[in-house]
Each structure stands twice: as structure tokens, then as C-alpha cells.
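The next block is my_file_11.cif, given as mmCIF, C-alpha atoms.
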data_final
#
loop_
_atom_site.label_atom_id
_atom_site.label_comp_id
_atom_site.auth_asym_id
_atom_site.auth_seq_id
_atom_site.Cartn_x
_atom_site.Cartn_y
_atom_site.Cartn_z
CA MET A 53 131.18 61.48 90.36
CA GLY A 54 130.73 64.72 92.27
CA ARG A 55 127.29 66.16 92.93
CA ARG A 56 126.04 68.94 90.67
CA ARG A 57 124.29 72.09 91.79
CA LYS A 58 121.38 73.85 90.22
CA SER A 59 120.48 77.52 90.67
CA ASP A 60 116.93 78.35 91.67
CA HIS A 61 115.89 81.81 90.50
CA GLU A 62 113.29 83.80 92.35
CA ASP A 63 112.27 86.84 90.42
CA ASP A 64 110.86 89.43 92.63
CA GLY A 65 111.00 93.02 92.64
CA SER A 66 110.61 96.62 92.22
CA GLN A 67 112.93 98.15 89.76
CA SER A 68 114.31 100.99 91.80
CA SER A 69 115.65 99.39 94.87
CA ALA A 70 118.73 97.75 95.57
CA ARG A 71 117.39 94.43 96.29
CA SER A 72 114.58 95.83 94.32
CA THR A 73 116.56 97.42 91.60
CA GLY A 74 119.72 95.56 91.49
CA ASP A 75 119.58 92.61 93.61
CA GLY A 76 116.92 90.32 92.30
CA ASP A 77 116.97 86.63 91.97
CA GLU A 78 118.57 84.82 94.77
CA GLN A 79 120.51 81.78 93.68
CA GLU A 80 120.53 78.86 96.02
CA ALA A 81 122.49 75.66 95.61
CA VAL A 82 120.38 72.53 95.81
CA SER A 83 121.49 68.94 95.68
CA THR A 84 119.91 66.51 93.29
CA ASN A 85 120.94 63.60 95.53
CA GLU A 86 118.83 62.29 98.35
CA GLY A 87 120.15 60.45 101.37
CA PRO A 88 123.53 61.03 103.05
CA GLN A 89 125.36 64.12 101.86
CA GLU A 90 128.79 63.78 100.29
CA GLU A 91 131.63 66.23 100.30
CA GLU A 92 131.49 68.62 97.33
CA GLU A 93 134.03 67.84 94.61
CA ASP A 94 134.71 68.88 91.05
CA VAL A 95 132.81 67.04 88.35
CA GLY A 96 135.50 65.14 86.47
CA VAL A 97 135.56 65.49 82.71
CA ASP A 98 136.47 61.83 82.37
CA GLU A 99 133.28 60.80 84.15
CA LEU A 100 131.19 63.23 82.08
CA ALA A 101 132.84 61.93 78.93
CA LYS A 102 131.73 58.38 79.74
CA GLY A 103 128.13 59.51 79.46
CA LEU A 104 128.90 61.04 76.08
CA GLY A 105 130.48 57.98 74.54
CA GLY A 106 134.01 58.92 75.50
CA VAL A 107 133.98 62.33 73.81
CA SER A 108 136.75 64.53 75.22
CA LEU A 109 135.53 67.67 76.96
CA GLY A 110 138.88 69.39 77.38
CA PRO A 111 140.19 70.74 80.73
CA LYS A 112 138.60 69.68 84.01
CA LEU A 113 135.62 71.87 84.90
CA SER A 114 134.42 72.91 88.34
CA VAL A 115 130.82 72.57 89.50
CA ASP A 116 130.40 76.34 89.20
CA GLN A 117 131.73 76.36 85.65
CA ILE A 118 129.15 73.76 84.66
CA THR A 119 126.10 75.00 86.59
CA ALA A 120 126.57 78.79 86.47
CA PRO A 121 124.16 80.64 84.19
CA LYS A 122 125.46 80.96 80.65
CA GLU A 123 125.52 84.76 80.77
CA LEU A 124 127.75 84.78 83.88
CA ARG A 125 130.14 82.30 82.33
CA GLN A 126 130.23 84.63 79.34
CA VAL A 127 131.09 87.62 81.58
CA ALA A 128 133.79 85.63 83.39
CA ASP A 129 135.33 84.60 80.07
CA MET A 130 135.35 88.22 78.93
CA ILE A 131 137.16 89.39 82.07
CA LYS A 132 139.61 86.47 82.03
CA SER A 133 140.47 87.15 78.39
CA GLY A 134 142.68 90.08 79.40
CA LYS A 135 141.13 92.23 76.68
CA PHE A 136 139.25 94.49 79.09
CA ASN A 137 141.28 96.78 81.33
CA LYS A 138 139.17 99.93 81.11
CA ILE A 139 136.00 98.78 82.81
CA LEU A 140 133.37 101.41 83.58
CA ILE A 141 131.05 100.64 86.50
CA LEU A 142 127.65 102.26 87.12
CA THR A 143 125.83 101.48 90.36
CA GLY A 144 122.61 102.42 92.14
CA ALA A 145 120.94 101.77 95.47
CA GLY A 146 120.73 98.04 94.78
CA VAL A 147 124.38 97.51 95.66
CA SER A 148 123.95 98.93 99.19
CA VAL A 149 120.72 97.43 100.48
CA SER A 150 122.51 94.38 101.90
CA ALA A 151 124.59 96.83 103.96
CA GLY A 152 121.40 97.86 105.73
CA ILE A 153 120.79 101.06 103.79
CA PRO A 154 117.26 101.19 102.35
CA ASP A 155 116.69 102.15 98.76
CA PHE A 156 114.50 105.13 98.05
CA ARG A 157 111.45 103.99 96.13
CA THR A 158 110.53 100.38 96.89
CA PRO A 159 106.91 100.36 98.15
CA GLY A 160 106.76 99.51 101.83
CA THR A 161 110.49 99.24 102.54
CA GLY A 162 111.98 102.18 100.65
CA LEU A 163 113.16 105.30 102.41
CA TYR A 164 110.45 107.51 100.95
CA ASP A 165 107.72 105.24 102.31
CA ASN A 166 109.06 105.42 105.86
CA LEU A 167 109.47 109.10 106.68
CA GLN A 168 106.04 109.72 108.22
CA LYS A 169 107.47 110.68 111.62
CA TYR A 170 109.06 113.77 110.08
CA ASN A 171 105.69 115.19 108.94
CA LEU A 172 107.09 116.11 105.55
CA PRO A 173 104.88 117.81 102.96
CA PHE A 174 106.16 115.21 100.48
CA ALA A 175 108.70 112.43 100.95
CA GLU A 176 111.38 113.92 98.70
CA ALA A 177 111.37 117.11 100.82
CA VAL A 178 113.97 115.53 103.09
CA PHE A 179 116.44 116.06 100.22
CA ASP A 180 114.97 119.31 98.88
CA ILE A 181 117.24 122.36 99.09
CA GLY A 182 114.36 124.82 99.56
CA PHE A 183 112.85 122.75 102.36
CA TYR A 184 116.24 122.33 104.07
CA ARG A 185 116.67 126.09 104.09
CA LYS A 186 113.41 126.45 106.05
CA ASN A 187 113.45 123.25 108.11
CA PRO A 188 116.72 121.29 108.27
CA GLU A 189 115.69 119.02 111.15
CA PRO A 190 114.32 116.03 109.13
CA PHE A 191 117.52 115.78 107.08
CA VAL A 192 119.71 116.25 110.16
CA GLN A 193 117.95 113.40 111.98
CA LEU A 194 118.15 111.13 108.95
CA ALA A 195 121.78 112.00 108.19
CA GLY A 196 122.72 111.23 111.78
CA GLN A 197 121.71 107.61 111.12
CA LEU A 198 123.00 107.32 107.55
CA TRP A 199 126.40 108.99 107.95
CA PRO A 200 129.04 106.82 106.25
CA GLY A 201 131.50 104.84 108.32
CA ILE A 202 129.38 104.73 111.47
CA ALA A 203 127.01 101.82 111.05
CA HIS A 204 127.27 100.41 107.53
CA SER A 205 129.99 98.31 105.94
CA PRO A 206 130.76 97.80 102.25
CA THR A 207 128.96 94.93 100.53
CA LEU A 208 130.59 92.24 98.42
CA THR A 209 129.66 94.29 95.36
CA HIS A 210 131.61 97.30 96.63
CA SER A 211 134.56 94.98 97.33
CA PHE A 212 134.33 93.59 93.78
CA ILE A 213 134.71 97.11 92.37
CA SER A 214 137.72 97.66 94.63
CA LEU A 215 139.16 94.34 93.47
CA LEU A 216 138.86 95.42 89.84
CA GLU A 217 140.97 98.46 90.67
CA ARG A 218 143.58 96.31 92.42
CA LYS A 219 143.80 94.22 89.28
CA LYS A 220 144.23 97.39 87.17
CA MET A 221 140.99 96.80 85.27
CA LEU A 222 138.90 99.71 86.58
CA LEU A 223 138.63 102.85 84.48
CA ARG A 224 136.02 104.59 86.65
CA ASN A 225 133.20 103.85 89.08
CA TYR A 226 130.12 106.04 88.64
CA THR A 227 127.79 105.68 91.60
CA GLN A 228 124.42 107.29 92.20
CA ASN A 229 124.74 106.52 95.91
CA ILE A 230 125.78 108.95 98.64
CA ASP A 231 126.88 106.32 101.17
CA CYS A 232 130.63 106.44 100.35
CA LEU A 233 130.81 102.65 100.70
CA ASP A 234 132.88 102.34 97.53
CA VAL A 235 135.61 104.53 99.04
CA ILE A 236 135.39 102.71 102.37
CA ALA A 237 135.81 99.47 100.38
CA GLY A 238 139.11 100.80 99.05
CA VAL A 239 138.24 102.35 95.68
CA SER A 240 140.55 105.34 95.14
CA GLU A 241 138.86 108.72 95.05
CA ASP A 242 140.40 109.43 91.64
CA LYS A 243 138.62 106.32 90.31
CA MET A 244 135.28 107.57 91.66
CA VAL A 245 132.61 109.81 90.24
CA GLU A 246 130.02 110.21 93.00
CA CYS A 247 127.27 111.56 90.77
CA HIS A 248 125.07 112.74 93.63
CA GLY A 249 127.87 113.92 95.89
CA HIS A 250 129.23 112.62 99.20
CA PHE A 251 129.52 113.34 102.93
CA ARG A 252 133.29 113.91 103.12
CA THR A 253 133.08 117.66 102.54
CA ALA A 254 130.49 120.33 103.33
CA SER A 255 129.54 123.86 102.31
CA CYS A 256 127.08 126.67 102.94
CA ILE A 257 123.91 126.52 100.86
CA SER A 258 123.73 130.34 100.75
CA CYS A 259 127.25 131.59 99.99
CA ASN A 260 128.91 128.27 99.01
CA SER A 261 131.75 128.80 101.48
CA PRO A 262 133.46 125.50 102.33
CA PHE A 263 132.94 124.08 105.81
CA ASP A 264 135.14 121.48 107.49
CA GLY A 265 133.67 118.04 106.76
CA ASN A 266 134.64 116.51 110.10
CA GLU A 267 133.12 119.42 112.00
CA CYS A 268 129.94 119.13 109.95
CA LYS A 269 129.78 115.45 110.85
CA ARG A 270 130.32 116.15 114.55
CA ILE A 271 127.56 118.77 114.71
CA ILE A 272 125.03 116.65 112.80
CA VAL A 273 125.85 113.23 114.28
CA GLU A 274 126.58 114.21 117.87
CA GLU A 275 124.61 117.41 118.41
CA ARG A 276 121.85 116.65 115.90
CA GLN A 277 121.91 120.26 114.75
CA ALA A 278 122.32 121.91 111.34
CA PRO A 279 125.73 123.60 111.13
CA LYS A 280 125.83 127.34 110.49
CA CYS A 281 128.18 129.07 108.06
CA ARG A 282 130.90 131.09 109.74
CA SER A 283 130.92 133.57 106.85
CA CYS A 284 127.25 134.43 106.36
CA GLY A 285 125.33 132.50 109.03
CA GLY A 286 123.52 130.41 106.43
CA ARG A 287 122.81 126.72 106.72
CA VAL A 288 125.55 124.21 106.00
CA LYS A 289 125.05 120.68 104.69
CA PRO A 290 127.28 117.86 103.42
CA ASP A 291 128.13 118.11 99.73
CA ILE A 292 125.46 115.68 98.58
CA VAL A 293 123.20 116.74 95.72
CA PHE A 294 119.73 117.83 96.83
CA PHE A 295 116.76 118.35 94.54
CA GLY A 296 117.24 121.80 93.08
CA GLU A 297 121.04 121.50 92.86
CA GLN A 298 123.36 120.71 89.98
CA LEU A 299 125.46 117.56 89.72
CA PRO A 300 129.12 117.95 90.71
CA PRO A 301 131.30 119.51 87.98
CA LEU A 302 133.48 116.36 88.08
CA TYR A 303 130.64 114.34 86.54
CA HIS A 304 130.39 116.62 83.51
CA ARG A 305 134.18 116.81 83.14
CA ARG A 306 134.66 113.06 83.01
CA VAL A 307 131.57 111.34 81.65
CA ARG A 308 132.08 111.95 77.92
CA GLN A 309 135.74 110.99 77.92
CA ASP A 310 135.17 107.93 80.13
CA THR A 311 132.33 106.59 77.99
CA ARG A 312 134.54 106.98 74.91
CA ASN A 313 137.55 105.28 76.51
CA ALA A 314 135.81 102.39 78.30
CA ASP A 315 136.07 98.92 76.78
CA LEU A 316 133.41 97.30 79.01
CA LEU A 317 130.41 98.63 80.98
CA ILE A 318 128.99 96.87 84.05
CA VAL A 319 125.74 98.29 85.47
CA MET A 320 124.51 97.01 88.85
CA GLY A 321 121.59 97.65 91.18
CA THR A 322 119.80 100.56 89.54
CA SER A 323 116.43 101.36 88.03
CA LEU A 324 118.06 103.81 85.58
CA LEU A 325 115.22 106.23 86.25
CA VAL A 326 117.17 109.29 87.37
CA GLY A 327 118.84 111.54 84.83
CA PRO A 328 121.28 112.49 83.59
CA VAL A 329 123.15 109.47 84.98
CA ASN A 330 120.67 107.04 83.42
CA GLY A 331 121.96 108.14 80.01
CA ILE A 332 125.44 106.66 80.55
CA PRO A 333 124.66 103.23 79.03
CA GLU A 334 123.44 104.88 75.81
CA MET A 335 126.60 107.02 75.65
CA MET A 336 128.83 103.96 75.37
CA LYS A 337 130.43 103.18 72.01
CA ARG A 338 128.32 100.86 69.88
CA ASP A 339 130.94 98.10 69.97
CA CYS A 340 131.43 98.27 73.76
CA PRO A 341 129.91 95.27 75.59
CA ARG A 342 127.35 96.29 78.21
CA ILE A 343 126.56 94.04 81.19
CA LEU A 344 123.51 94.53 83.41
CA ILE A 345 123.28 92.79 86.81
CA ASN A 346 119.89 93.75 88.17
CA ARG A 347 116.65 92.34 89.42
CA GLU A 348 114.92 93.53 86.27
CA ARG A 349 115.99 94.51 82.79
CA VAL A 350 116.09 98.32 82.66
CA GLY A 351 116.97 101.08 80.22
CA ASN A 352 117.62 99.93 76.67
CA PHE A 353 119.60 96.82 77.62
CA GLY A 354 119.01 94.08 75.09
CA LYS A 355 118.92 96.49 72.15
CA ARG A 356 122.58 96.03 71.28
CA LYS A 357 124.23 92.89 70.00
CA ARG A 358 126.88 92.72 72.77
CA ASP A 359 124.49 93.36 75.69
CA VAL A 360 124.45 90.80 78.53
CA PHE A 361 121.71 90.73 81.19
CA HIS A 362 121.71 88.63 84.37
CA ALA A 363 118.62 88.83 86.59
CA GLY A 364 119.82 88.46 90.13
CA ASP A 365 120.95 89.77 93.48
CA CYS A 366 124.10 91.88 93.16
CA ASP A 367 126.10 90.27 95.98
CA ASP A 368 125.11 86.72 95.03
CA THR A 369 126.00 87.37 91.41
CA VAL A 370 129.34 88.96 92.25
CA SER A 371 130.20 86.04 94.53
CA LEU A 372 129.52 83.50 91.78
CA LEU A 373 131.35 85.59 89.20
CA CYS A 374 134.42 85.76 91.46
CA ARG A 375 134.32 81.99 91.94
CA LEU A 376 134.36 81.60 88.17
CA LEU A 377 137.29 84.02 87.99
CA GLY A 378 139.19 82.38 90.85
CA TRP A 379 138.91 85.58 92.90
CA GLU A 380 136.57 84.42 95.66
CA GLU A 381 139.16 84.27 98.44
CA GLU A 382 140.49 87.73 97.58
CA LEU A 383 136.95 89.12 97.49
CA ILE A 384 136.05 87.77 100.92
CA GLU A 385 139.33 88.86 102.53
CA LEU A 386 138.98 92.36 101.12
CA ASN A 387 135.37 92.64 102.26
CA GLU A 388 136.14 91.45 105.79
CA SER A 389 139.05 93.90 106.09
CA THR A 390 136.72 96.88 105.51
CA ARG A 391 133.93 95.94 107.90
CA VAL A 392 132.84 98.57 110.41
CA LYS A 393 133.86 97.51 113.91
CA GLU A 394 130.98 96.20 116.00
CA GLU A 395 131.38 98.86 118.67
CA LYS A 396 130.67 101.53 116.03
CA LYS A 397 127.41 100.04 114.87
CA SER A 398 124.14 101.74 115.73
CA GLY A 399 121.39 100.05 113.75
CA PHE A 400 119.52 102.11 111.20
CA SER A 401 115.98 102.81 112.19
CA LEU A 402 113.42 104.63 110.15
#
Could you quickly redo this structure as C-alpha cells?
Amino acid sequence: MGRRRKSDHEDDGSQSSARSTGDGDEQEAVSTNEGPQEEEEDVGVDELAKGLGGVSLGPKLSVDQITAPKELRQVADMIKSGKFNKILILTGAGVSVSAGIPDFRTPGTGLYDNLQKYNLPFAEAVFDIGFYRKNPEPFVQLAGQLWPGIAHSPTLTHSFISLLERKKMLLRNYTQNIDCLDVIAGVSEDKMVECHGHFRTASCISCNSPFDGNECKRIIVEERQAPKCRSCGGRVKPDIVFFGEQLPPLYHRRVRQDTRNADLLIVMGTSLLVGPVNGIPEMMKRDCPRILINRERVGNFGKRKRDVFHAGDCDDTVSLLCRLLGWEEELIELNESTRVKEEKKSGFSL
């Protein structure tokens, strides 16, 4: 009879990071056998039945189907049922930490705890519109390292979202991140709501005149300067939302209709501390199942009958979920096809 695996859960973490907000327990396969290792094989139902007095257990089950946490088997069954083809995704920094992008608030490792060299009056000033107007250099230096497509590749979680779209199950992906990794992973822009903006376009902070996104990237990444508006001479920045700015109009146009139309919500890697995006789970219809994959339980998850919470690392959880769905090979192939080429990489350094 094949060996079984158990999942060890390590709960660790700060609620607002990625591996601190969304990636939590790491699951590690351990063998219960000692001595020489055998090749992994499915646990046969006939052999299991013998231990139960010959009771039939139905179709043959894989090791993952037997040992996976109950809540993940429940999620896999929901997706396999074919009843859910309008899935709404909500993600935070937790889905990008394994790509090498730090979250914002985790003590010690978060971005805000590692900006001392910029001599900021307060950590959040690096994304403050008033401060950028007076002193753009800290943001320019940081953006030169964080610019999407240069050094960071999509994670397995980003690829999972892209895979949902390929399988015609994705209604919309709401992300609080500005790293564009969802789009790099293959999620169509019309399936995205980048709640806090993105780097693909740019504009003047004084007169709002549009500025070519590629030129903005060249000036910031290569020259390490803040671009200047050709219309009024004001400062230009990528169209990411700074403190003191409104969310993109697209968010307000879509959020009410999407939360009404969705038949399943999956929230991953977020502390749900930042509004108004943190209100999305409560906007869902009362009969809509809500799934939280996060290091900690956040928001009001657990208050509704159809809520499902799995405490764990986002990538590890997505990998196991795709094994249960029979999607693992597709997930890995898709992820590998979107990796940033090695020659482009220039490690992030705070």
C-alpha cells in the first residue's frame, strides 16, 4: 500500500504581508515510514477497504485527495462542480512576496521598515503625492528597482488566476498590488481591476496631462530622474495611486456590478486593512461562497455560513489545489513561460 503524506502547518505571521498576510502556513510532506524510501503511489481503495472490513470507498483516491486539508478538498470540489464560472478574485501583497517583492507593513522585512536610507519624514512619504511634488528622488530610486517586468516574475498564485481565465471561470481580478504581475502572468487587462493603479501609463501630477509610459520608464529606470510634463513642466509619475489621490474610476465603475454578478469569491494574501477595497468581501451576495487563503483569518470571514478559510502560504496552497483539480502541469507550464529572463534580473535591494 502506498505511503501517505501528512501536512505540517506552521502558523506564523503578521497579517499585512504577503507571506505575512497571505502566505502563512507552509505545508511540508512527511513520510510516516522509516527505512528505505519507496516510490510514491496512489493509495488504493481496495487496500483501504480491507482495513474497514471490506467497505467500498468508491473511486480510487490519490494521496493528495486523502491527505489534503478538508477545506481545500471542499474548494476543489466546488470548482470541479462546474457551477462556478464567475469567480471574483481579490489579492494583496501576500501573493507577490515569493516573487521577491516585499510587502509594506511586516515588522523588520516590510518595505516601510527598510527605507531609512532615504531620510523620509515618515515611511509612507515615499508614496505621498505632496512629498513627491517637493522631493521625488526617494520614489524614483525605489521605482527604479520595483518597475514591473525587469526583475520580478509572476508567482504560482498569479499563474493560477491566469489559468482561471483560460478555463473561462474568471469574472474579474481585483488586486491591491501595483506590480503588474497578474498581467505579466497572462491575465487580460479587461479582466483586471488594479485598485491602486499600475506602471503601464503615466501622467502629470499638476495638470493631469498623459505622458508616454515607456518614456516615463526609461527616464526613471535608466536616468533615475523624475520626468517633467511637456505641457506645464510639472512632475510626472506612473499612474499608481499615491496617498492623497483617488482610486481609478474603473474601480468604482465595476465593483458594484461585479460583486452582484460573482458566484464565488477567492481572497488571497491580504490583511484587508486598506479601504475601500477591504469592503469587497462584505459587498458579496449573502449566498455567495467566500474563500480566504491567508496566513491569518481577516475581515469578517467566518461570519457567513458558506465561508471557507485555509491558513497557509498562497503559492503552496494554490499548488495543492491545482493538484486536486488535475491542473498542476498546466499551472507549472504557464508559470515557467512567464518568467523574467535571467539576463534581465537585477536583484531588489532595500
Quick check on the file I pasted: which residues fall under the PyMOL selection byres ((chain A and resi 226) around 7)? Write them as a PyMOL selection string.
chain A and resi 141-143+224-225+227-228+244-247
Find the residue from A:Arg305, A:Ala145, A:Leu299, A:Glu388 that sits nearest to A:Ala237; use only C-alpha atoms when measuring.
A:Glu388
Do a neighbour search on A:Leu194 at 10 Å with all atoms listed in the file, toss out local chain neighbours closer than 2 positions, and write the hits as an mmCIF file with C-alpha atoms, in the frame of the given file.
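Below is the file out_18.cif, written as the result:
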data_model
loop_
_atom_site.group_PDB
_atom_site.id
_atom_site.type_symbol
_atom_site.label_atom_id
_atom_site.label_comp_id
_atom_site.auth_asym_id
_atom_site.auth_seq_id
_atom_site.Cartn_x
_atom_site.Cartn_y
_atom_site.Cartn_z
ATOM 1 C CA LEU A 167 109.470 109.100 106.680
ATOM 2 C CA TYR A 170 109.060 113.770 110.080
ATOM 3 C CA VAL A 178 113.970 115.530 103.090
ATOM 4 C CA GLU A 189 115.690 119.020 111.150
ATOM 5 C CA PRO A 190 114.320 116.030 109.130
ATOM 6 C CA PHE A 191 117.520 115.780 107.080
ATOM 7 C CA VAL A 192 119.710 116.250 110.160
ATOM 8 C CA GLY A 196 122.720 111.230 111.780
ATOM 9 C CA GLN A 197 121.710 107.610 111.120
ATOM 10 C CA LEU A 198 123.000 107.320 107.550
ATOM 11 C CA TRP A 199 126.400 108.990 107.950
ATOM 12 C CA ILE A 272 125.030 116.650 112.800
ATOM 13 C CA VAL A 273 125.850 113.230 114.280
ATOM 14 C CA ARG A 276 121.850 116.650 115.900
ATOM 15 C CA PHE A 400 119.520 102.110 111.200
ATOM 16 C CA SER A 401 115.980 102.810 112.190
ATOM 17 C CA LEU A 402 113.420 104.630 110.150
#
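We find atom CA of A:Lys138 and atom CA of A:Glu241 to be spaced 16.5 Å apart.
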I'd like the neighbourhood of A:Leu140 as a ChimeraX atom specification, where a residue qualifies if any of its atoms comes within 9 Å (using only C-alpha atoms), though same-chain residues fewer than 3 positions away should be ignored.
/A:222-226,310-311,314-319
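Closest approach to A:Ile131 among A:Lys169, A:His210, A:Lys219, A:Arg312: A:Lys219, based on all atoms listed in the file.
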Do you know which residues lie at most 10 Å from (132.1, 103.5, 68.8), with coordinates as in the file and all atoms listed in the file counted, and could you write them as a list of chain:residue names?
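Every polymer residue passing the test: A:Thr311, A:Arg312, A:Asn313, A:Met335, A:Met336, A:Lys337, A:Arg338, A:Asp339, A:Cys340.
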For A:Ser371, which residue among A:Ser211, A:Thr253, A:Asp129, A:Phe174 is the nearest when counting only C-alpha atoms?
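Checking each candidate against A:Ser371, we get A:Ser211 as the closest.
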Translate the PyMOL selection byres ((chain A and resi 263) around 12), as applied to the file shown, into an explicit residue set as a PyMOL selection string.
chain A and resi 251-257+259-262+264-269+271+279-291
Give as an NGL selection string the residues that the PyMOL selection byres ((chain A and resi 372-387) around 9) matches when applied to the coordinates above.
:A and (114 or 116-117 or 120 or 124-125 or 127-129 or 131-132 or 205-208 or 210-212 or 214-215 or 237-238 or 367-371 or 388-391)
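The space separating atom CA of A:Asp242 from atom CA of A:Asp180 comes to 28.2 Å.
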Take atom CA of A:Gly146 and atom CA of A:Ile345 and report the distance between them in Å, one decimal.
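Spanning atom CA of A:Gly146 to atom CA of A:Ile345 is a straight-line distance of 9.9 Å.
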Within 9 Å of (124.9, 95.8, 70.3), only C-alpha atoms: residues as a ChimeraX atom specification?
/A:338-342,354-359
Any chance you could export the current selection's C-alpha atoms as a JSON list (two decimals), keeping the file's coordinate frame?
[["chain", "number", "residue", "atom", "x", "y", "z"],
["A", 338, "ARG", "CA", 128.32, 100.86, 69.88],
["A", 339, "ASP", "CA", 130.94, 98.10, 69.97],
["A", 340, "CYS", "CA", 131.43, 98.27, 73.76],
["A", 341, "PRO", "CA", 129.91, 95.27, 75.59],
["A", 342, "ARG", "CA", 127.35, 96.29, 78.21],
["A", 354, "GLY", "CA", 119.01, 94.08, 75.09],
["A", 355, "LYS", "CA", 118.92, 96.49, 72.15],
["A", 356, "ARG", "CA", 122.58, 96.03, 71.28],
["A", 357, "LYS", "CA", 124.23, 92.89, 70.00],
["A", 358, "ARG", "CA", 126.88, 92.72, 72.77],
["A", 359, "ASP", "CA", 124.49, 93.36, 75.69]]
Residue among A:Leu172, A:Arg218, A:Glu123, A:Ser150 lying closest to A:Ile343, counting all atoms listed in the file:
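Ranked by minimum distance to A:Ile343, first place goes to A:Glu123.
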